[in-house]
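To start, the structure under review is shown below, and the notes come after it.
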Amino acid sequence: MNIFDIIGPVMIGPSSSHTAGAVRMGNLARNILGEEPAEAQIVLFNSFSKTGKGHGTDKALVAGILGLSTDDDGIKESFEIARKKGIKADLVFGNTHPEFPPNTAKFILKGKNNSTVVIGSSVGGGRVIIFSINGFNTEFTGEFNTIITIHDDRPGVIARVASFLAEKSINIAQMKVSRESRGKTALMMIEVDEEIPEGLDSALSSINHIQRAMIIKSVLGGV
């Protein structure tokens, strides 16, 4: 347990789960998209759906996809900020899903170049878990600097990525691979101990059979 576990995040209230966690989920979804979204549909489930407006969860989720931090006063004006930027944000309430945790949201984001579908939950104290990215099962908290690759499920791809990171003196703390089915498309998440240098995503994307690489910086470093 560290000091963050005890006192929680610096944030705009009223609730770490419904506000800070919501901002962090939105920010991770934006980073997974890899660019500013032009369109966003955000579906709220269970407790989020029932109490989201009263707790400001709707504003916090939109603030996250705008890239705002948990203590940014702009959270209160996130819908207006999105409108001024020309970002279409549509929030959907009234959904329940018995297999989802209480504070769950689904982000359907479209940018100029990319699109993504991200599902995650706020689990308390500002902490979050992303458990689905584009249909792949994940266990992504955003607490570590993370490399995500979408790649063809072929022998040697994982080894080539690991070797590449070793050459850059980047230590792998944890790795998880999820795939559609054998020989199809796979998603790999690599949490690392070091700062990730700029341009690493482009370098990884040039490796044969890697469709796209994403770099997600730790949300505990700022947002």
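Here, A, B, ... name the chains of the structure tokens in the order displayed, residue numbers run from 1 inside each chain, and ligands are numbered from 1 in the same displayed order.
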Give the helix (DSSP H, G or I) residues of chain A, as assigned by DSSP on the backbone, as an MDAnalysis selection string. chainID A and resid 3:7 16:33 46:51 57:66 73:85 157:167 200:205 219:221
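Within 7 Å of stretch 110-113 of chain A there are Glu35, Glu36, Pro37, Ala38, Glu39 and Ala40 of chain A, counting only C-alpha atoms and ignoring same-chain residues fewer than 6 positions away.
Distances from A:Gly56, A:Ile130, A:Glu77, A:Glu99 to A:Gly26 were compared using only C-alpha atoms, and the smallest one belongs to A:Ile130.
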So which one's closest to A:Ser202, A:Ile190, A:Ala20, A:Leu91, A:Ile215? Using only C-alpha atoms, please. A:Ile215
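Using only C-alpha atoms, the smallest distance between any of A:Pro197, A:Gly142, A:Gly21, A:Gly183 and A:Asn103 comes from A:Gly21.
Each of A:Ser132, A:Thr51, A:Thr149, A:Ser69 was compared to A:Gln211 using only C-alpha atoms, and A:Thr149 turns out to be the nearest.
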What's around stretch 57-61 of chain A at 9 Å? Count only C-alpha atoms, leave out sequence neighbours fewer than 2 positions away in its own chain, and write the answer as a VMD selection string. chain A and resid 15 17 to 27 42 44 48 to 49 51 to 55 63 to 66 68 70 75 to 79 91 105
Using DSSP secondary structure from the backbone, list all strand (DSSP E or B) positions within chain A, as JSON, numbers by chain. {"A": [39, 40, 41, 42, 43, 44, 45, 88, 89, 90, 91, 92, 93, 94, 95, 103, 104, 105, 106, 107, 108, 109, 110, 115, 116, 117, 118, 119, 120, 121, 122, 123, 124, 127, 128, 129, 130, 131, 132, 133, 136, 137, 138, 139, 140, 145, 146, 147, 148, 149, 150, 151, 152, 172, 173, 174, 175, 176, 177, 178, 179, 185, 186, 187, 188, 189, 190, 191, 192, 210, 211, 212, 213, 214, 215, 216]}
Within 8 Å of A:Pro101, counting only C-alpha atoms, which residues qualify if same-chain residues fewer than 3 places away don't, as a count of residues only? 4
Could you pull the residues within 9 Å of A:Thr141, counting only C-alpha atoms, minus those fewer than 4 positions along the same chain, as a PDB file with all heavy atoms, in the first residue's frame?
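So the final result, stored in selection-v4.pdb, reads:
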```pdb
ATOM      1  N   ARG A 127      -9.069   4.552  -8.820  1.00  0.00           N
ATOM      2  CA  ARG A 127      -8.457   3.485  -9.615  1.00  0.00           C
ATOM      3  C   ARG A 127      -9.460   2.933 -10.624  1.00  0.00           C
ATOM      4  O   ARG A 127     -10.675   2.910 -10.375  1.00  0.00           O
ATOM      5  CB  ARG A 127      -7.949   2.374  -8.711  1.00  0.00           C
ATOM      6  CG  ARG A 127      -6.617   2.701  -8.084  1.00  0.00           C
ATOM      7  CD  ARG A 127      -5.993   1.451  -7.466  1.00  0.00           C
ATOM      8  NE  ARG A 127      -4.558   1.581  -7.379  1.00  0.00           N
ATOM      9  CZ  ARG A 127      -3.921   2.249  -6.433  1.00  0.00           C
ATOM     10  NH1 ARG A 127      -4.619   2.858  -5.489  1.00  0.00           N
ATOM     11  NH2 ARG A 127      -2.611   2.336  -6.416  1.00  0.00           N
ATOM     12  N   VAL A 128      -8.926   2.453 -11.727  1.00  0.00           N
ATOM     13  CA  VAL A 128      -9.779   1.933 -12.795  1.00  0.00           C
ATOM     14  C   VAL A 128      -9.191   0.646 -13.336  1.00  0.00           C
ATOM     15  O   VAL A 128      -8.015   0.331 -13.117  1.00  0.00           O
ATOM     16  CB  VAL A 128      -9.916   2.957 -13.950  1.00  0.00           C
ATOM     17  CG1 VAL A 128     -10.466   4.279 -13.442  1.00  0.00           C
ATOM     18  CG2 VAL A 128      -8.582   3.179 -14.670  1.00  0.00           C
ATOM     19  N   ILE A 129     -10.030  -0.099 -14.064  1.00  0.00           N
ATOM     20  CA  ILE A 129      -9.540  -1.244 -14.823  1.00  0.00           C
ATOM     21  C   ILE A 129     -10.245  -1.250 -16.171  1.00  0.00           C
ATOM     22  O   ILE A 129     -11.471  -1.115 -16.252  1.00  0.00           O
ATOM     23  CB  ILE A 129      -9.746  -2.574 -14.073  1.00  0.00           C
ATOM     24  CG1 ILE A 129      -9.162  -3.729 -14.877  1.00  0.00           C
ATOM     25  CG2 ILE A 129     -11.216  -2.811 -13.741  1.00  0.00           C
ATOM     26  CD1 ILE A 129      -9.009  -5.011 -14.087  1.00  0.00           C
ATOM     27  N   ILE A 130      -9.463  -1.341 -17.229  1.00  0.00           N
ATOM     28  CA  ILE A 130      -9.992  -1.494 -18.575  1.00  0.00           C
ATOM     29  C   ILE A 130     -10.017  -2.991 -18.865  1.00  0.00           C
ATOM     30  O   ILE A 130      -8.969  -3.636 -18.883  1.00  0.00           O
ATOM     31  CB  ILE A 130      -9.116  -0.752 -19.608  1.00  0.00           C
ATOM     32  CG1 ILE A 130      -9.010   0.744 -19.266  1.00  0.00           C
ATOM     33  CG2 ILE A 130      -9.670  -0.968 -21.019  1.00  0.00           C
ATOM     34  CD1 ILE A 130     -10.294   1.510 -19.281  1.00  0.00           C
ATOM     35  N   PHE A 131     -11.211  -3.546 -19.077  1.00  0.00           N
ATOM     36  CA  PHE A 131     -11.285  -4.993 -19.247  1.00  0.00           C
ATOM     37  C   PHE A 131     -11.633  -5.431 -20.667  1.00  0.00           C
ATOM     38  O   PHE A 131     -11.716  -6.636 -20.944  1.00  0.00           O
ATOM     39  CB  PHE A 131     -12.234  -5.642 -18.234  1.00  0.00           C
ATOM     40  CG  PHE A 131     -13.642  -5.126 -18.224  1.00  0.00           C
ATOM     41  CD1 PHE A 131     -14.583  -5.601 -19.114  1.00  0.00           C
ATOM     42  CD2 PHE A 131     -14.040  -4.188 -17.284  1.00  0.00           C
ATOM     43  CE1 PHE A 131     -15.890  -5.150 -19.093  1.00  0.00           C
ATOM     44  CE2 PHE A 131     -15.346  -3.730 -17.240  1.00  0.00           C
ATOM     45  CZ  PHE A 131     -16.277  -4.208 -18.151  1.00  0.00           C
ATOM     46  N   SER A 218       1.545   6.170 -17.745  1.00  0.00           N
ATOM     47  CA  SER A 218       0.871   5.937 -16.485  1.00  0.00           C
ATOM     48  C   SER A 218      -0.061   7.088 -16.120  1.00  0.00           C
ATOM     49  O   SER A 218       0.341   8.255 -16.153  1.00  0.00           O
ATOM     50  CB  SER A 218       1.904   5.743 -15.379  1.00  0.00           C
ATOM     51  OG  SER A 218       1.290   5.808 -14.110  1.00  0.00           O
ATOM     52  N   VAL A 219      -1.311   6.742 -15.757  1.00  0.00           N
ATOM     53  CA  VAL A 219      -2.233   7.779 -15.320  1.00  0.00           C
ATOM     54  C   VAL A 219      -1.872   8.342 -13.959  1.00  0.00           C
ATOM     55  O   VAL A 219      -2.323   9.410 -13.574  1.00  0.00           O
ATOM     56  CB  VAL A 219      -3.693   7.249 -15.263  1.00  0.00           C
ATOM     57  CG1 VAL A 219      -4.221   6.943 -16.626  1.00  0.00           C
ATOM     58  CG2 VAL A 219      -3.811   6.060 -14.347  1.00  0.00           C
TER      59      VAL A 219
END
```
